[in-house]
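Asks: Data file run-v1.cif (mmCIF, C-alpha atoms) is appended below.
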```
data_query
#
loop_
_atom_site.group_PDB
_atom_site.id
_atom_site.type_symbol
_atom_site.label_atom_id
_atom_site.label_comp_id
_atom_site.auth_asym_id
_atom_site.auth_seq_id
_atom_site.Cartn_x
_atom_site.Cartn_y
_atom_site.Cartn_z
ATOM 1 C CA MET A 933 81.774 70.802 22.702
ATOM 2 C CA GLU A 934 80.070 71.110 26.057
ATOM 3 C CA ILE A 935 80.806 70.810 29.751
ATOM 4 C CA ARG A 936 78.245 69.044 31.884
ATOM 5 C CA VAL A 937 78.216 69.582 35.632
ATOM 6 C CA THR A 938 76.795 67.339 38.342
ATOM 7 C CA ARG A 939 76.780 66.650 42.059
ATOM 8 C CA ASP A 940 74.839 63.405 41.503
ATOM 9 C CA THR A 941 77.101 60.393 42.050
ATOM 10 C CA MET A 942 74.516 58.173 40.382
ATOM 11 C CA SER A 943 74.457 60.149 37.126
ATOM 12 C CA ASP A 944 75.975 59.199 33.776
ATOM 13 C CA ILE A 945 78.069 62.376 33.974
ATOM 14 C CA TYR A 946 79.656 61.221 37.228
ATOM 15 C CA PHE A 947 80.286 57.729 35.820
ATOM 16 C CA ASP A 948 82.016 59.312 32.812
ATOM 17 C CA ALA A 949 84.202 61.284 35.233
ATOM 18 C CA LEU A 950 85.115 58.117 37.131
ATOM 19 C CA ARG A 951 85.911 56.257 33.910
ATOM 20 C CA ILE A 952 88.298 59.024 32.804
ATOM 21 C CA ARG A 953 89.928 59.298 36.230
ATOM 22 C CA ASN A 954 90.394 55.526 36.395
ATOM 23 C CA GLN A 955 92.041 55.495 32.975
ATOM 24 C CA VAL A 956 94.375 58.420 33.662
ATOM 25 C CA PHE A 957 95.260 58.093 37.330
ATOM 26 C CA VAL A 958 94.920 54.376 38.066
ATOM 27 C CA LYS A 959 95.916 52.758 34.763
ATOM 28 C CA GLU A 960 98.384 55.334 33.384
ATOM 29 C CA GLN A 961 99.917 56.744 36.554
ATOM 30 C CA GLY A 962 99.589 53.757 38.893
ATOM 31 C CA VAL A 963 97.651 55.545 41.626
ATOM 32 C CA PRO A 964 95.786 52.996 43.791
ATOM 33 C CA TYR A 965 92.051 53.069 43.007
ATOM 34 C CA GLU A 966 91.122 53.510 46.688
ATOM 35 C CA LEU A 967 93.341 56.600 46.908
ATOM 36 C CA GLU A 968 92.132 58.030 43.594
ATOM 37 C CA VAL A 969 88.440 57.853 44.421
ATOM 38 C CA GLY A 970 89.009 59.111 47.945
ATOM 39 C CA ASN A 971 86.176 58.943 50.400
ATOM 40 C CA ALA A 972 82.524 58.724 49.425
ATOM 41 C CA LEU A 973 81.641 61.902 51.320
ATOM 42 C CA GLU A 974 84.095 63.963 49.256
ATOM 43 C CA GLU A 975 82.817 62.425 46.030
ATOM 44 C CA ALA A 976 79.211 63.158 46.983
ATOM 45 C CA SER A 977 79.909 66.740 48.059
ATOM 46 C CA ALA A 978 82.071 67.639 45.056
ATOM 47 C CA VAL A 979 80.977 69.369 41.873
ATOM 48 C CA HIS A 980 82.024 67.191 38.933
ATOM 49 C CA PHE A 981 82.718 68.739 35.520
ATOM 50 C CA VAL A 982 82.993 66.577 32.395
ATOM 51 C CA LEU A 983 83.956 67.912 28.976
ATOM 52 C CA TYR A 984 82.269 66.254 25.992
ATOM 53 C CA ASP A 985 83.279 66.628 22.373
ATOM 54 C CA GLU A 986 80.721 65.324 19.886
ATOM 55 C CA GLY A 987 78.997 63.561 22.773
ATOM 56 C CA VAL A 988 82.122 61.696 23.918
ATOM 57 C CA ALA A 989 83.608 62.373 27.378
ATOM 58 C CA LYS A 990 87.206 63.559 26.979
ATOM 59 C CA GLY A 991 88.170 65.182 30.282
ATOM 60 C CA THR A 992 87.074 65.838 33.823
ATOM 61 C CA VAL A 993 87.814 67.794 36.980
ATOM 62 C CA ARG A 994 86.143 67.996 40.382
ATOM 63 C CA LEU A 995 85.745 70.903 42.746
ATOM 64 C CA LEU A 996 85.380 70.633 46.524
ATOM 65 C CA THR A 997 83.765 73.852 47.644
ATOM 66 C CA ASP A 998 83.679 75.447 51.071
ATOM 67 C CA LEU A 999 81.002 78.075 50.592
ATOM 68 C CA GLY A 1000 81.376 79.283 54.168
ATOM 69 C CA GLU A 1001 85.017 80.148 53.512
ATOM 70 C CA LYS A 1002 84.283 81.000 49.857
ATOM 71 C CA THR A 1003 87.105 78.735 48.668
ATOM 72 C CA ALA A 1004 87.332 75.606 46.540
ATOM 73 C CA LEU A 1005 89.888 72.878 45.972
ATOM 74 C CA VAL A 1006 90.375 71.846 42.344
ATOM 75 C CA GLN A 1007 91.082 68.114 42.116
ATOM 76 C CA ARG A 1008 91.251 65.167 39.732
ATOM 77 C CA MET A 1009 91.886 67.085 36.505
ATOM 78 C CA ALA A 1010 92.239 64.375 33.865
ATOM 79 C CA ILE A 1011 92.205 64.322 30.079
ATOM 80 C CA LEU A 1012 92.167 61.010 28.217
ATOM 81 C CA LYS A 1013 95.523 60.290 26.598
ATOM 82 C CA GLU A 1014 94.126 60.271 23.063
ATOM 83 C CA ALA A 1015 92.398 63.628 23.710
ATOM 84 C CA ARG A 1016 95.437 65.548 24.971
ATOM 85 C CA GLY A 1017 96.778 68.455 22.964
ATOM 86 C CA HIS A 1018 93.349 69.745 21.936
ATOM 87 C CA GLY A 1019 92.993 72.439 24.602
ATOM 88 C CA TYR A 1020 90.447 70.517 26.690
ATOM 89 C CA ALA A 1021 92.255 71.146 29.993
ATOM 90 C CA ALA A 1022 92.273 74.893 29.297
ATOM 91 C CA ILE A 1023 88.546 74.815 28.552
ATOM 92 C CA LEU A 1024 87.880 73.025 31.842
ATOM 93 C CA ILE A 1025 90.019 75.531 33.762
ATOM 94 C CA GLU A 1026 88.158 78.432 32.154
ATOM 95 C CA ARG A 1027 84.874 76.824 33.249
ATOM 96 C CA LEU A 1028 86.183 76.464 36.826
ATOM 97 C CA ILE A 1029 87.096 80.145 36.882
ATOM 98 C CA GLU A 1030 83.638 81.027 35.553
ATOM 99 C CA PHE A 1031 82.085 78.818 38.276
ATOM 100 C CA ALA A 1032 84.205 80.604 40.907
ATOM 101 C CA LYS A 1033 82.870 83.951 39.694
ATOM 102 C CA GLU A 1034 79.262 82.711 39.571
ATOM 103 C CA THR A 1035 79.408 81.358 43.119
ATOM 104 C CA LYS A 1036 81.409 84.353 44.404
ATOM 105 C CA LEU A 1037 84.392 82.310 45.559
ATOM 106 C CA ASN A 1038 87.435 84.197 46.832
ATOM 107 C CA LYS A 1039 90.000 81.498 46.133
ATOM 108 C CA LEU A 1040 90.678 78.405 44.030
ATOM 109 C CA GLU A 1041 93.417 76.081 45.275
ATOM 110 C CA LEU A 1042 94.932 72.969 43.732
ATOM 111 C CA HIS A 1043 97.770 70.498 43.991
ATOM 112 C CA ALA A 1044 99.313 70.463 40.517
ATOM 113 C CA GLN A 1045 101.434 67.632 39.244
ATOM 114 C CA LEU A 1046 104.727 69.282 38.344
ATOM 115 C CA SER A 1047 104.174 68.487 34.670
ATOM 116 C CA ALA A 1048 100.961 70.575 34.731
ATOM 117 C CA ARG A 1049 102.065 73.625 36.699
ATOM 118 C CA GLY A 1050 102.840 75.593 33.541
ATOM 119 C CA LEU A 1051 99.255 75.128 32.380
ATOM 120 C CA TYR A 1052 97.840 76.467 35.639
ATOM 121 C CA SER A 1053 100.310 79.367 35.624
ATOM 122 C CA LYS A 1054 98.843 80.496 32.291
ATOM 123 C CA PHE A 1055 95.539 80.947 34.153
ATOM 124 C CA HIS A 1056 97.139 83.044 36.916
ATOM 125 C CA PHE A 1057 97.496 80.311 39.522
ATOM 126 C CA ASN A 1058 100.532 81.055 41.695
ATOM 127 C CA GLU A 1059 102.770 78.509 43.370
ATOM 128 C CA VAL A 1060 102.398 78.330 47.149
ATOM 129 C CA GLY A 1061 104.857 76.428 49.313
ATOM 130 C CA GLN A 1062 107.280 73.669 48.452
ATOM 131 C CA ILE A 1063 107.135 70.660 46.151
ATOM 132 C CA PHE A 1064 105.627 67.617 47.865
ATOM 133 C CA GLU A 1065 104.720 64.057 47.000
ATOM 134 C CA GLU A 1066 101.126 62.842 46.722
ATOM 135 C CA ALA A 1067 100.242 59.323 45.530
ATOM 136 C CA GLY A 1068 103.898 58.827 44.571
ATOM 137 C CA ILE A 1069 103.844 61.854 42.222
ATOM 138 C CA GLN A 1070 105.496 65.234 42.810
ATOM 139 C CA HIS A 1071 103.084 68.147 43.179
ATOM 140 C CA ILE A 1072 103.084 71.835 44.024
ATOM 141 C CA GLN A 1073 100.258 73.713 45.723
ATOM 142 C CA MET A 1074 98.883 76.560 43.617
ATOM 143 C CA ALA A 1075 96.195 79.162 44.207
ATOM 144 C CA ARG A 1076 94.302 81.911 42.436
ATOM 145 C CA THR A 1077 92.469 84.695 44.231
ATOM 146 C CA ASP A 1078 91.677 87.220 41.507
ATOM 147 C CA PHE A 1079 88.441 86.680 39.653
#
```
I'd like the structure from this file rewritten - as structure tokens, please.

Replies:
Amino acid sequence: MEIRVTRDTMSDIYFDALRIRNQVFVKEQGVPYELEVGNALEEASAVHFVLYDEGVAKGTVRLLTDLGEKTALVQRMAILKEARGHGYAAILIERLIEFAKETKLNKLELHAQLSARGLYSKFHFNEVGQIFEEAGIQHIQMARTDF
């Protein structure tokens, strides 16, 4: 198992990330493709992480960093349906935390779908604010500041 990281939106790693996100968010959850991909500037400035098991892409997450503020926004965490239940999301979260330490970030923030907030809580992300709707799905803002 390995996690490959890229900022190159023309790389195979990025295309694997898009394929997974399309399957999970657009096809499974009904999020409009235009909303899921967001704007090209965000895609190009994000750090994309893809988890591979035996060479096959199983999950992805992207990180929008603000190095000036030393913060990052965790977005687009997605694990293929057939790959769920194998701990891949936890492995990706651990890699994000390691990345935060390596780059000396002070804070990781995310908008968790309510069904995933328990997972993030296990990694010491705390709920911030009220439940809100994003892309027709209920979310809660969460943050972690201790690395």

Asks: Determine the nearest neighbour of Leu967 of chain A from the options A:Ile1072, A:Leu995, A:Ala1022, A:Ala1067, counting only C-alpha atoms.

Replies: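 For Leu967 of chain A, the nearest of the given residues is A:Ala1067.
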
Asks: Any chance you could resolve the PyMOL selection byres ((chain A and resi 957) around 10) against this file and give the residues as a PyMOL selection string?

Replies: chain A and resi 952-956+958-965+967-969+1008-1010+1067

Asks: Which is closest to Arg1016 of chain A among A:His1043, A:Glu1001, A:Gly991, A:Thr938, if we use all atoms listed in the file?

Replies: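 Looking only at the distances to Arg1016 of chain A, the closest residue turns out to be A:Gly991.
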
Asks: Would you mind listing what lies within 7 Å of Glu1041 of chain A as a PyMOL selection string, with only C-alpha atoms counted and same-chain residues fewer than 4 positions away left out?

Replies: chain A and resi 1004-1006+1074-1076

Asks: Quick one: distance from atom CA of Leu1028 of chain A to atom CA of Glu1066 of chain A in Å, one decimal?

Replies: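 Separation of atom CA of Leu1028 of chain A and atom CA of Glu1066 of chain A: 22.5 Å.
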
Asks: Using the chain letters and residue numbers of this document, give as a list in words the residues selected by the PyMOL selection byres ((chain A and resi 1064) around 12).

Replies: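 With the shown file as input, the PyMOL selection byres ((chain A and resi 1064) around 12) matches His1043, Ala1044, Gln1045, Leu1046, Val1060, Gly1061, Gln1062, Ile1063, Glu1065, Glu1066, Ala1067, Gly1068, Ile1069, Gln1070, His1071, Ile1072, Gln1073 and Met1074 of chain A.
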
Asks: Counting only C-alpha atoms, which of A:Ser1053, A:Asn1038, A:Glu1059, A:Ala976 gets nearest to Phe1079 of chain A?

Replies: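 Answer, going by the shortest atom-to-atom distance: A:Asn1038.
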
Asks: Identify all residues satisfying the PyMOL selection byres ((chain A and resi 947) around 12) in the given file; provide them as a PyMOL selection string.

Replies: chain A and resi 938-946+948-954+969+975+980-982+989+992

Asks: Choose the residue, out of A:Arg1049, A:Lys1013, A:Lys1054, A:Arg936, that has the smallest atom-to-atom separation from Val979 of chain A; count only C-alpha atoms.

Replies: A:Arg936

Asks: Go ahead and compute the interatomic distance for atom CA of Asp998 of chain A and atom CA of Ala1021 of chain A, in Å to one decimal.

Replies: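 Pair atom CA of Asp998 of chain A / atom CA of Ala1021 of chain A returns 23.2 Å.
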